[in-house]
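Coordinates as given in final18.txt (compact mmCIF, C-alpha atoms):
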# COMPACT_ATOMS: atom_id res chain seq x y z
CA MET B 1 121.34 142.29 126.08
CA SER B 2 119.10 139.37 126.62
CA SER B 3 117.22 137.75 123.74
CA VAL B 4 114.74 135.94 125.99
CA ARG B 5 111.14 136.67 125.09
CA THR B 6 108.21 136.23 127.39
CA VAL B 7 104.93 134.76 126.25
CA ALA B 8 101.87 136.79 127.12
CA ASN B 9 99.45 133.86 127.32
CA PRO B 10 101.06 130.41 127.65
CA ALA B 11 97.70 128.61 127.69
CA ALA B 12 96.77 130.04 124.28
CA LEU B 13 100.20 129.08 122.93
CA ASN B 14 99.78 125.48 124.18
CA GLY B 15 96.46 125.24 122.33
CA HIS B 16 98.11 126.38 119.10
CA ILE B 17 101.00 123.98 119.59
CA GLU B 18 98.61 121.08 120.17
CA GLU B 19 96.71 122.03 117.03
CA VAL B 20 99.91 122.14 114.95
CA VAL B 21 101.10 118.81 116.37
CA HIS B 22 97.71 117.19 115.71
CA SER B 23 97.63 118.56 112.17
CA ALA B 24 101.21 117.38 111.46
CA GLN B 25 100.44 113.96 112.91
CA HIS B 26 97.32 113.62 110.75
CA GLU B 27 99.27 114.65 107.63
CA LEU B 28 102.08 112.18 108.44
CA ILE B 29 99.62 109.30 108.79
CA ASN B 30 98.00 110.21 105.47
CA LEU B 31 101.37 110.46 103.72
CA LEU B 32 102.49 107.11 105.12
CA ARG B 33 99.28 105.50 103.83
CA GLN B 34 99.82 107.07 100.42
CA ARG B 35 103.41 105.80 100.39
CA SER B 36 102.25 102.31 101.29
CA ASP B 37 99.61 102.34 98.53
CA LEU B 38 102.16 103.67 96.06
CA MET B 39 104.71 100.99 96.97
CA LYS B 40 102.04 98.32 96.40
CA ARG B 41 101.16 99.81 93.02
CA ILE B 42 104.85 99.98 92.04
CA GLY B 43 105.26 96.36 93.13
CA THR B 44 102.27 95.29 91.04
CA VAL B 45 103.49 97.09 87.93
CA LYS B 46 107.03 95.72 88.30
CA GLN B 47 105.72 92.20 88.83
CA THR B 48 103.44 92.51 85.79
CA LEU B 49 106.37 93.62 83.64
CA VAL B 50 108.53 90.76 84.93
CA TYR B 51 105.84 88.20 84.07
CA LEU B 52 105.32 89.74 80.63
CA ALA B 53 109.06 89.44 80.02
CA LYS B 54 108.97 85.80 81.16
CA VAL B 55 106.14 84.99 78.78
CA PHE B 56 107.15 87.05 75.74
CA GLY B 57 110.87 87.54 76.32
CA ASP B 58 112.88 90.55 77.42
CA GLU B 59 112.59 91.97 73.88
CA VAL B 60 109.09 93.32 74.65
CA LEU B 61 110.57 95.67 77.25
CA THR B 62 112.62 98.77 76.55
CA PRO B 63 116.21 98.90 77.81
CA GLU B 64 115.13 101.59 80.30
CA VAL B 65 112.41 99.34 81.75
CA LEU B 66 114.79 96.38 81.85
CA GLN B 67 117.26 98.49 83.82
CA LEU B 68 114.53 99.68 86.22
CA LEU B 69 113.59 96.05 86.84
CA GLY B 70 117.21 95.12 87.49
CA ARG B 71 117.39 92.81 84.47
CA ILE B 72 120.16 94.90 82.93
CA PRO B 73 122.51 95.93 85.71
CA ALA B 74 123.59 99.56 85.74
CA ARG B 75 127.10 98.35 86.61
CA LYS B 76 129.14 95.25 85.79
CA GLN B 77 127.68 93.20 88.61
CA PRO B 78 124.35 93.75 90.31
CA GLY B 79 124.50 94.68 93.96
CA LEU B 80 123.19 92.47 96.70
CA THR B 81 120.11 94.64 97.26
CA ARG B 82 119.23 94.65 93.57
CA GLY B 83 119.69 90.89 93.43
CA CYS B 84 117.48 90.36 96.47
CA ARG B 85 114.80 92.60 94.95
CA THR B 86 114.89 90.61 91.71
CA VAL B 87 114.73 87.25 93.48
CA LEU B 88 111.77 88.30 95.64
CA MET B 89 109.95 90.04 92.79
CA GLU B 90 110.19 87.01 90.51
CA SER B 91 109.32 84.44 93.14
CA ALA B 92 105.83 82.97 92.91
CA THR B 93 105.80 82.16 96.63
CA PRO B 94 107.19 83.77 99.78
CA LEU B 95 110.83 82.81 100.40
CA GLU B 96 112.66 81.74 103.51
CA ALA B 97 116.12 83.27 103.85
CA ARG B 98 117.82 80.00 102.84
CA GLN B 99 115.64 79.74 99.73
CA GLY B 100 116.48 83.33 98.87
CA LEU B 101 120.19 82.61 99.33
CA ARG B 102 120.01 79.52 97.07
CA GLU B 103 118.19 81.51 94.41
CA MET B 104 120.76 84.33 94.67
CA GLN B 105 123.57 81.79 94.22
CA ARG B 106 121.82 80.28 91.21
CA ARG B 107 120.88 83.58 89.54
CA PHE B 108 123.90 85.69 90.48
CA PRO B 109 126.85 83.35 90.96
CA GLY B 110 129.76 85.05 92.64
CA LEU B 111 127.68 87.95 93.95
CA ILE B 112 127.68 86.85 97.57
CA GLU B 113 130.75 84.63 97.68
CA HIS B 114 132.82 87.41 99.26
CA HIS B 115 130.35 87.76 102.15
CA LYS B 116 131.53 86.16 105.38
CA THR B 117 128.02 84.99 106.27
CA PRO B 118 125.93 85.06 103.07
CA LEU B 119 122.72 83.94 104.80
CA ALA B 120 122.97 86.82 107.28
CA SER B 121 123.66 89.25 104.43
CA VAL B 122 120.58 88.12 102.49
CA THR B 123 118.44 88.24 105.64
CA THR B 124 119.68 91.76 106.39
CA VAL B 125 118.81 92.98 102.90
CA PHE B 126 115.38 91.30 103.04
CA ASN B 127 114.70 93.08 106.33
CA ARG B 128 115.86 96.43 104.89
CA LEU B 129 113.45 95.95 101.99
CA VAL B 130 110.70 95.39 104.57
CA ALA B 131 111.65 98.66 106.27
CA CYS B 132 111.46 100.43 102.88
CA GLY B 133 107.98 99.03 102.29
CA GLU B 134 108.94 96.99 99.22
CA VAL B 135 108.67 93.59 100.88
CA ARG B 136 106.49 92.05 103.57
CA ALA B 137 107.70 89.53 106.15
CA PHE B 138 105.60 87.06 108.13
CA SER B 139 105.69 83.56 109.58
CA ASN B 140 104.69 80.70 107.32
CA GLY B 141 102.70 77.63 108.37
CA LYS B 142 105.86 76.05 109.81
CA GLY B 143 106.53 79.09 111.98
CA ARG B 144 109.49 80.19 109.84
CA ARG B 145 110.01 83.76 108.73
CA VAL B 146 109.36 84.32 105.03
CA TRP B 147 109.52 87.37 102.78
CA GLU B 148 107.48 88.28 99.72
CA TRP B 149 107.38 91.14 97.27
CA ILE B 150 104.52 93.53 97.98
CA ALA B 151 102.01 93.87 95.19
CA GLU B 152 98.38 94.85 95.14
CA SER B 153 96.25 91.82 95.82
CA SER B 154 92.64 90.94 95.32
CA ASN B 155 92.95 88.38 98.09
CA ALA B 156 90.36 89.10 100.77
CA THR B 157 92.78 88.10 103.52
CA ASP B 158 95.29 90.72 102.44
CA LEU B 159 92.56 93.35 102.26
CA SER B 160 91.24 92.57 105.71
CA VAL B 161 94.74 92.71 107.21
CA ALA B 162 95.33 96.07 105.51
CA SER B 163 92.01 97.49 106.71
CA THR B 164 92.70 96.32 110.27
CA ALA B 165 96.09 98.04 110.19
CA GLU B 166 94.47 101.24 108.92
CA GLU B 167 91.84 101.14 111.64
CA ASP B 168 94.53 100.64 114.28
CA GLN B 169 96.38 103.70 112.97
CA GLU B 170 93.29 105.87 112.96
CA ASP B 171 92.36 105.53 116.61
CA PRO B 172 94.87 103.84 118.92
CA SER B 173 92.52 104.27 121.88
CA GLN B 174 90.12 101.71 120.37
CA LEU B 175 92.87 99.13 119.84
CA ALA B 176 92.22 97.51 123.22
CA THR B 177 88.50 97.07 122.49
CA LYS B 178 89.18 95.37 119.14
CA GLN B 179 91.53 92.83 120.67

Represent the supplied structure as structure tokens.
Amino acid sequence: MSSVRTVANPAALNGHIEEVVHSAQHELINLLRQRSDLMKRIGTVKQTLVYLAKVFGDEVLTPEVLQLLGRIPARKQPGLTRGCRTVLMESATPLEARQGLREMQRRFPGLIEHHKTPLASVTTVFNRLVACGEVRAFSNGKGRRVWEWIAESSNATDLSVASTAEEDQEDPSQLATKQ
């Protein structure tokens, strides 16, 4: 017995498939935007809590919040990713990989000493945090790659970059005319 089915009207089926694909694509774009907005909001709240703890001391935060911020490690020694998050979150300026490494060595001595190439390890984690949407990477004025924690910003430059990225996502066919 054969389980092959024939389609009565392939043209009608293609129209339905295109509609489903278009709908799924539209939903994916919306969900990715929502995730990006949410990550920025999470970054802002975390950064606010970190600054409050710096000003008023860790006592103003609950143990649960301190653990969520990575200030009380869940295990004996914080992991490399958690350390990188903390260093980037608490930095007032974007960091080059070497600056991040120095700060990791200062804040978490012994954490990266077992890594064969600590600078490469820190760079790898920074790039993974970019892929997760927690950190942004760009070139500084000297042409060097820097990373910074993503938080909501009232800076007009950040807003214009974000709106340009959204416009590019909405209609890729108009990308060539904008450039």

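Across the structure, atom CA of B:Glu90 and atom CA of B:Arg35 are spaced 22.3 Å apart.
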
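Across the structure, atom CA of B:Leu32 and atom CA of B:Glu134 are spaced 13.4 Å apart.
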
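Using all atoms listed in the file, the protein and nucleic acid residues lying no more than 10 Å from stretch 36-38 of chain B, apart from those fewer than 3 places from it along its own chain, are Asn30, Leu31, Leu32, Arg33, Arg41, Ile42, Gly43, Thr44, Cys132, Gly133, Glu134, Ile150, Ala151 and Glu152 of chain B.
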
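The space separating atom CA of B:Leu80 from atom CA of B:Leu111 comes to 6.9 Å.
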
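When all atoms listed in the file are used to compute distances to B:Met39, the closest of the residues B:Lys54, B:His115, B:Arg136, B:Arg98 turns out to be B:Arg136.
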
12 Å contact set for B:Ala53, only C-alpha atoms, chain neighbours under 6 positions out, as a PyMOL selection string: chain B and resi 46-47+59-62+65-66+69+71+90
